[in-house]
Amino acid sequence: MTRQKIDDQRKQQIRAAATRCFVRRGYSSTRLLDIARDAGLSKGGVYFHYKAKESLFHDILDAQLLALQERWAADVPPDLPADRALAQVAANHLRLFVEHGDEAKLCNLLVTMSGQIQEYREKLERTFVEMRTAYAEIVRRGVEQGVLSGDPQVVARGIIAVIYGLAAQASVDPQGRIPLTVEQAVEQIMRLAGSKA
């Protein structure tokens, strides 16, 4: 195994431990020592990769955004009708919160911190713009195909509101579950998008 691969695996181990600590203790109450203990490493082992928890948190957010982008595109054939593509992309997005309960809590922590730290607010806004753009493009195609209706930008904002509203509810659920099944949530999203099916 190459040194780069070992470093990447170690960083992933640290990010996973940090995510658990941040959602359990909160950002301001988490120390690098807490993260090191959770990861089963020395503080120096964490410090070698991350000099401060701020850079670690940024790295977690970047990794989360990349995972989200990969989910959006996962298994969605480009020739799929827009209504089916929308259902699949929304289901992939929601499954991220279902399969990784800490993701919803991490999202809500970022929303909270974005009110206090300009960098996080900018990162959150960029993320929402990318999501809105992706959803609006699918809705636009659906309107052209006659299978969806409404203003694509307005519908995209509504879809994001539904998904992150469910994530907010999951963050206060003791088991971290969204209050609807993925199928129920997708059904509501499709109604919001004026699905003709």
# chains A, B, ... in the order shown; residues from 1 in each chain; ligands from 1
>>> residues_around(residues="Ile138 in chain A", least_positions_apart="6", cutoff="12 Å", atoms="only C-alpha atoms", output="ChimeraX atom specification")
/A:72-73,76,78-90,131-132,144-145,147-153,155-156,159,190,193
>>> select_by_dssp(residues="range 65-100 of chain A", states="alpha helix (DSSP H)", output="list in words")
Leu65, Leu66, Ala67, Leu68, Gln69, Glu70, Arg71, Trp72, Ala73, Ala82, Asp83, Arg84, Ala85, Leu86, Ala87, Gln88, Val89, Ala90, Ala91, Asn92, His93, Leu94, Arg95, Leu96, Phe97, Val98 and Glu99 of chain A
>>> write_last_selection(atoms="N, CA, C and O atoms", output="tab-separated table (two decimals), in the first residue's frame")
chain	number	residue	atom	x	y	z
A	65	LEU	N	-19.95	17.15	0.65
A	65	LEU	CA	-20.46	17.70	-0.59
A	65	LEU	C	-20.11	16.79	-1.77
A	65	LEU	O	-20.96	16.53	-2.62
A	66	LEU	N	-18.89	16.27	-1.79
A	66	LEU	CA	-18.49	15.36	-2.86
A	66	LEU	C	-19.36	14.10	-2.85
A	66	LEU	O	-19.84	13.65	-3.90
A	67	ALA	N	-19.61	13.55	-1.66
A	67	ALA	CA	-20.46	12.35	-1.55
A	67	ALA	C	-21.88	12.65	-2.03
A	67	ALA	O	-22.50	11.83	-2.71
A	68	LEU	N	-22.36	13.83	-1.70
A	68	LEU	CA	-23.70	14.22	-2.12
A	68	LEU	C	-23.76	14.36	-3.64
A	68	LEU	O	-24.71	13.87	-4.27
A	69	GLN	N	-22.76	14.97	-4.23
A	69	GLN	CA	-22.72	15.12	-5.68
A	69	GLN	C	-22.66	13.75	-6.37
A	69	GLN	O	-23.31	13.53	-7.38
A	70	GLU	N	-21.89	12.84	-5.81
A	70	GLU	CA	-21.81	11.49	-6.37
A	70	GLU	C	-23.16	10.79	-6.27
A	70	GLU	O	-23.56	10.07	-7.16
A	71	ARG	N	-23.86	11.00	-5.18
A	71	ARG	CA	-25.19	10.40	-5.01
A	71	ARG	C	-26.17	10.93	-6.03
A	71	ARG	O	-27.03	10.20	-6.51
A	72	TRP	N	-26.11	12.23	-6.30
A	72	TRP	CA	-27.05	12.82	-7.26
A	72	TRP	C	-26.94	12.12	-8.60
A	72	TRP	O	-27.93	11.89	-9.27
A	73	ALA	N	-25.71	11.83	-9.01
A	73	ALA	CA	-25.49	11.25	-10.32
A	73	ALA	C	-25.53	9.72	-10.31
A	73	ALA	O	-25.56	9.10	-11.36
A	82	ALA	N	-37.45	12.81	-17.26
A	82	ALA	CA	-37.15	13.73	-16.16
A	82	ALA	C	-37.91	13.41	-14.87
A	82	ALA	O	-37.36	13.56	-13.79
A	83	ASP	N	-39.16	12.97	-14.98
A	83	ASP	CA	-39.89	12.68	-13.74
A	83	ASP	C	-39.26	11.50	-13.01
A	83	ASP	O	-39.11	11.52	-11.79
A	84	ARG	N	-38.85	10.49	-13.74
A	84	ARG	CA	-38.20	9.34	-13.11
A	84	ARG	C	-36.80	9.71	-12.60
A	84	ARG	O	-36.37	9.25	-11.54
A	85	ALA	N	-36.11	10.58	-13.35
A	85	ALA	CA	-34.79	11.05	-12.91
A	85	ALA	C	-34.92	11.83	-11.61
A	85	ALA	O	-34.12	11.64	-10.68
A	86	LEU	N	-35.93	12.70	-11.53
A	86	LEU	CA	-36.14	13.48	-10.31
A	86	LEU	C	-36.41	12.56	-9.13
A	86	LEU	O	-35.84	12.73	-8.05
A	87	ALA	N	-37.27	11.58	-9.31
A	87	ALA	CA	-37.57	10.65	-8.23
A	87	ALA	C	-36.32	9.91	-7.78
A	87	ALA	O	-36.08	9.74	-6.58
A	88	GLN	N	-35.50	9.52	-8.72
A	88	GLN	CA	-34.29	8.77	-8.38
A	88	GLN	C	-33.26	9.65	-7.68
A	88	GLN	O	-32.66	9.25	-6.68
A	89	VAL	N	-33.06	10.86	-8.18
A	89	VAL	CA	-32.10	11.77	-7.56
A	89	VAL	C	-32.55	12.14	-6.14
A	89	VAL	O	-31.75	12.14	-5.20
A	90	ALA	N	-33.82	12.45	-5.97
A	90	ALA	CA	-34.34	12.79	-4.63
A	90	ALA	C	-34.20	11.60	-3.68
A	90	ALA	O	-33.82	11.77	-2.52
A	91	ALA	N	-34.49	10.40	-4.17
A	91	ALA	CA	-34.35	9.20	-3.33
A	91	ALA	C	-32.89	9.00	-2.93
A	91	ALA	O	-32.60	8.70	-1.76
A	92	ASN	N	-31.96	9.20	-3.87
A	92	ASN	CA	-30.53	9.08	-3.55
A	92	ASN	C	-30.14	10.09	-2.49
A	92	ASN	O	-29.39	9.78	-1.55
A	93	HIS	N	-30.63	11.32	-2.62
A	93	HIS	CA	-30.33	12.39	-1.68
A	93	HIS	C	-30.86	12.03	-0.28
A	93	HIS	O	-30.14	12.14	0.71
A	94	LEU	N	-32.09	11.57	-0.22
A	94	LEU	CA	-32.69	11.20	1.07
A	94	LEU	C	-32.01	10.00	1.70
A	94	LEU	O	-31.87	9.93	2.92
A	95	ARG	N	-31.59	9.04	0.88
A	95	ARG	CA	-30.93	7.84	1.42
A	95	ARG	C	-29.64	8.18	2.15
A	95	ARG	O	-29.23	7.46	3.05
A	96	LEU	N	-29.00	9.27	1.75
A	96	LEU	CA	-27.79	9.71	2.45
A	96	LEU	C	-28.10	9.93	3.93
A	96	LEU	O	-27.34	9.52	4.80
A	97	PHE	N	-29.26	10.53	4.22
A	97	PHE	CA	-29.64	10.77	5.61
A	97	PHE	C	-30.13	9.50	6.30
A	97	PHE	O	-29.96	9.34	7.50
A	98	VAL	N	-30.76	8.62	5.54
A	98	VAL	CA	-31.27	7.37	6.12
A	98	VAL	C	-30.12	6.43	6.46
A	98	VAL	O	-30.07	5.85	7.54
A	99	GLU	N	-29.18	6.30	5.53
A	99	GLU	CA	-28.09	5.35	5.70
A	99	GLU	C	-26.98	5.87	6.61
A	99	GLU	O	-26.22	5.09	7.17
>>> closest_residue(among="A:Arg141, A:Lys123, A:Arg24, A:Arg31", to="Ser171 in chain A", atoms="only C-alpha atoms")
A:Arg24
>>> residues_around(residues="Gly101 in chain A", least_positions_apart="3", cutoff="12 Å", atoms="only C-alpha atoms", output="PDB file with N, CA and C atoms, in the first residue's frame")
ATOM      1  N   THR A  19     -16.660  13.558  12.848  1.00  0.00           N
ATOM      2  CA  THR A  19     -18.099  13.701  12.602  1.00  0.00           C
ATOM      3  C   THR A  19     -18.888  13.201  13.799  1.00  0.00           C
ATOM      4  N   ARG A  20     -18.520  12.034  14.306  1.00  0.00           N
ATOM      5  CA  ARG A  20     -19.222  11.499  15.483  1.00  0.00           C
ATOM      6  C   ARG A  20     -19.101  12.459  16.665  1.00  0.00           C
ATOM      7  N   VAL A  23     -21.202  15.804  16.113  1.00  0.00           N
ATOM      8  CA  VAL A  23     -22.658  15.672  16.265  1.00  0.00           C
ATOM      9  C   VAL A  23     -23.032  15.284  17.691  1.00  0.00           C
ATOM     10  N   ARG A  24     -22.148  14.623  18.394  1.00  0.00           N
ATOM     11  CA  ARG A  24     -22.446  14.203  19.765  1.00  0.00           C
ATOM     12  C   ARG A  24     -22.211  15.340  20.761  1.00  0.00           C
ATOM     13  N   LEU A  94     -32.086  11.568  -0.221  1.00  0.00           N
ATOM     14  CA  LEU A  94     -32.689  11.202   1.067  1.00  0.00           C
ATOM     15  C   LEU A  94     -32.007   9.996   1.702  1.00  0.00           C
ATOM     16  N   ARG A  95     -31.590   9.043   0.884  1.00  0.00           N
ATOM     17  CA  ARG A  95     -30.930   7.841   1.422  1.00  0.00           C
ATOM     18  C   ARG A  95     -29.639   8.182   2.152  1.00  0.00           C
ATOM     19  N   LEU A  96     -28.998   9.274   1.749  1.00  0.00           N
ATOM     20  CA  LEU A  96     -27.794   9.709   2.454  1.00  0.00           C
ATOM     21  C   LEU A  96     -28.103   9.929   3.932  1.00  0.00           C
ATOM     22  N   PHE A  97     -29.257  10.529   4.220  1.00  0.00           N
ATOM     23  CA  PHE A  97     -29.639  10.775   5.613  1.00  0.00           C
ATOM     24  C   PHE A  97     -30.130   9.504   6.299  1.00  0.00           C
ATOM     25  N   VAL A  98     -30.764   8.617   5.543  1.00  0.00           N
ATOM     26  CA  VAL A  98     -31.272   7.370   6.117  1.00  0.00           C
ATOM     27  C   VAL A  98     -30.119   6.429   6.460  1.00  0.00           C
ATOM     28  N   ALA A 104     -27.439  14.004   8.811  1.00  0.00           N
ATOM     29  CA  ALA A 104     -28.486  14.990   9.092  1.00  0.00           C
ATOM     30  C   ALA A 104     -28.053  15.916  10.226  1.00  0.00           C
ATOM     31  N   LYS A 105     -27.464  15.351  11.256  1.00  0.00           N
ATOM     32  CA  LYS A 105     -27.006  16.171  12.377  1.00  0.00           C
ATOM     33  C   LYS A 105     -25.870  17.089  11.958  1.00  0.00           C
ATOM     34  N   LEU A 106     -24.983  16.580  11.108  1.00  0.00           N
ATOM     35  CA  LEU A 106     -23.884  17.394  10.618  1.00  0.00           C
ATOM     36  C   LEU A 106     -24.404  18.552   9.769  1.00  0.00           C
ATOM     37  N   CYS A 107     -25.393  18.285   8.926  1.00  0.00           N
ATOM     38  CA  CYS A 107     -26.001  19.354   8.111  1.00  0.00           C
ATOM     39  C   CYS A 107     -26.584  20.438   9.004  1.00  0.00           C
ATOM     40  N   ASN A 108     -27.283  20.031  10.039  1.00  0.00           N
ATOM     41  CA  ASN A 108     -27.894  21.010  10.930  1.00  0.00           C
ATOM     42  C   ASN A 108     -26.850  21.769  11.735  1.00  0.00           C
ATOM     43  N   LEU A 166     -36.831  17.454   6.468  1.00  0.00           N
ATOM     44  CA  LEU A 166     -36.802  16.081   6.990  1.00  0.00           C
ATOM     45  C   LEU A 166     -35.491  15.818   7.723  1.00  0.00           C
ATOM     46  N   ALA A 167     -34.386  16.337   7.181  1.00  0.00           N
ATOM     47  CA  ALA A 167     -33.088  16.167   7.848  1.00  0.00           C
ATOM     48  C   ALA A 167     -33.083  16.851   9.208  1.00  0.00           C
ATOM     49  N   ALA A 168     -33.712  18.030   9.302  1.00  0.00           N
ATOM     50  CA  ALA A 168     -33.787  18.735  10.588  1.00  0.00           C
ATOM     51  C   ALA A 168     -34.567  17.902  11.601  1.00  0.00           C
ATOM     52  N   GLN A 169     -35.656  17.291  11.145  1.00  0.00           N
ATOM     53  CA  GLN A 169     -36.440  16.448  12.045  1.00  0.00           C
ATOM     54  C   GLN A 169     -35.650  15.204  12.452  1.00  0.00           C
ATOM     55  N   ALA A 170     -34.867  14.655  11.533  1.00  0.00           N
ATOM     56  CA  ALA A 170     -34.044  13.486  11.852  1.00  0.00           C
ATOM     57  C   ALA A 170     -32.981  13.832  12.889  1.00  0.00           C
ATOM     58  N   SER A 171     -32.491  15.064  12.857  1.00  0.00           N
ATOM     59  CA  SER A 171     -31.427  15.442  13.790  1.00  0.00           C
ATOM     60  C   SER A 171     -31.909  15.495  15.238  1.00  0.00           C
ATOM     61  N   VAL A 172     -33.213  15.610  15.453  1.00  0.00           N
ATOM     62  CA  VAL A 172     -33.724  15.604  16.824  1.00  0.00           C
ATOM     63  C   VAL A 172     -34.358  14.266  17.199  1.00  0.00           C
ATOM     64  N   ASP A 173     -34.446  13.350  16.252  1.00  0.00           N
ATOM     65  CA  ASP A 173     -34.963  12.013  16.542  1.00  0.00           C
ATOM     66  C   ASP A 173     -33.872  11.232  17.268  1.00  0.00           C
ATOM     67  N   PRO A 174     -34.207  10.553  18.379  1.00  0.00           N
ATOM     68  CA  PRO A 174     -33.176   9.813  19.134  1.00  0.00           C
ATOM     69  C   PRO A 174     -32.411   8.791  18.277  1.00  0.00           C
ATOM     70  N   GLN A 175     -33.070   8.193  17.285  1.00  0.00           N
ATOM     71  CA  GLN A 175     -32.397   7.238  16.410  1.00  0.00           C
ATOM     72  C   GLN A 175     -31.893   7.895  15.120  1.00  0.00           C
ATOM     73  N   GLY A 176     -32.112   9.192  14.968  1.00  0.00           N
ATOM     74  CA  GLY A 176     -31.646   9.911  13.792  1.00  0.00           C
ATOM     75  C   GLY A 176     -32.408   9.575  12.520  1.00  0.00           C
ATOM     76  N   ARG A 177     -33.664   9.176  12.648  1.00  0.00           N
ATOM     77  CA  ARG A 177     -34.460   8.767  11.482  1.00  0.00           C
ATOM     78  C   ARG A 177     -35.278   9.933  10.940  1.00  0.00           C
ATOM     79  N   ILE A 178     -35.411   9.964   9.597  1.00  0.00           N
ATOM     80  CA  ILE A 178     -36.327  10.932   9.017  1.00  0.00           C
ATOM     81  C   ILE A 178     -37.744  10.432   9.291  1.00  0.00           C
TER      82      ILE A 178
END
>>> closest_residue(among="A:Leu32, A:Leu110, A:Leu41, A:Leu192", to="Val154 in chain A", atoms="only C-alpha atoms")
A:Leu192
>>> closest_residue(among="A:Ala39, A:Ala63, A:Leu109, A:Val182", to="Tyr27 in chain A", atoms="only C-alpha atoms")
A:Leu109
>>> closest_residue(among="A:Lys43, A:Arg3, A:Lys196, A:Arg126", to="Val143 in chain A", atoms="only C-alpha atoms")
A:Lys196
>>> atom_distance(atom1="CA of Ala185 in chain A", atom2="CA of Val129 in chain A")
21.5 Å
>>> closest_residue(among="A:Lys11, A:Arg140, A:His58, A:Arg157", to="Tyr120 in chain A", atoms="only C-alpha atoms")
A:His58
>>> atom_distance(atom1="CA of Asp59 in chain A", atom2="CA of Val46 in chain A")
13.2 Å
>>> atom_distance(atom1="CA of Thr133 in chain A", atom2="CA of Glu103 in chain A")
21.5 Å
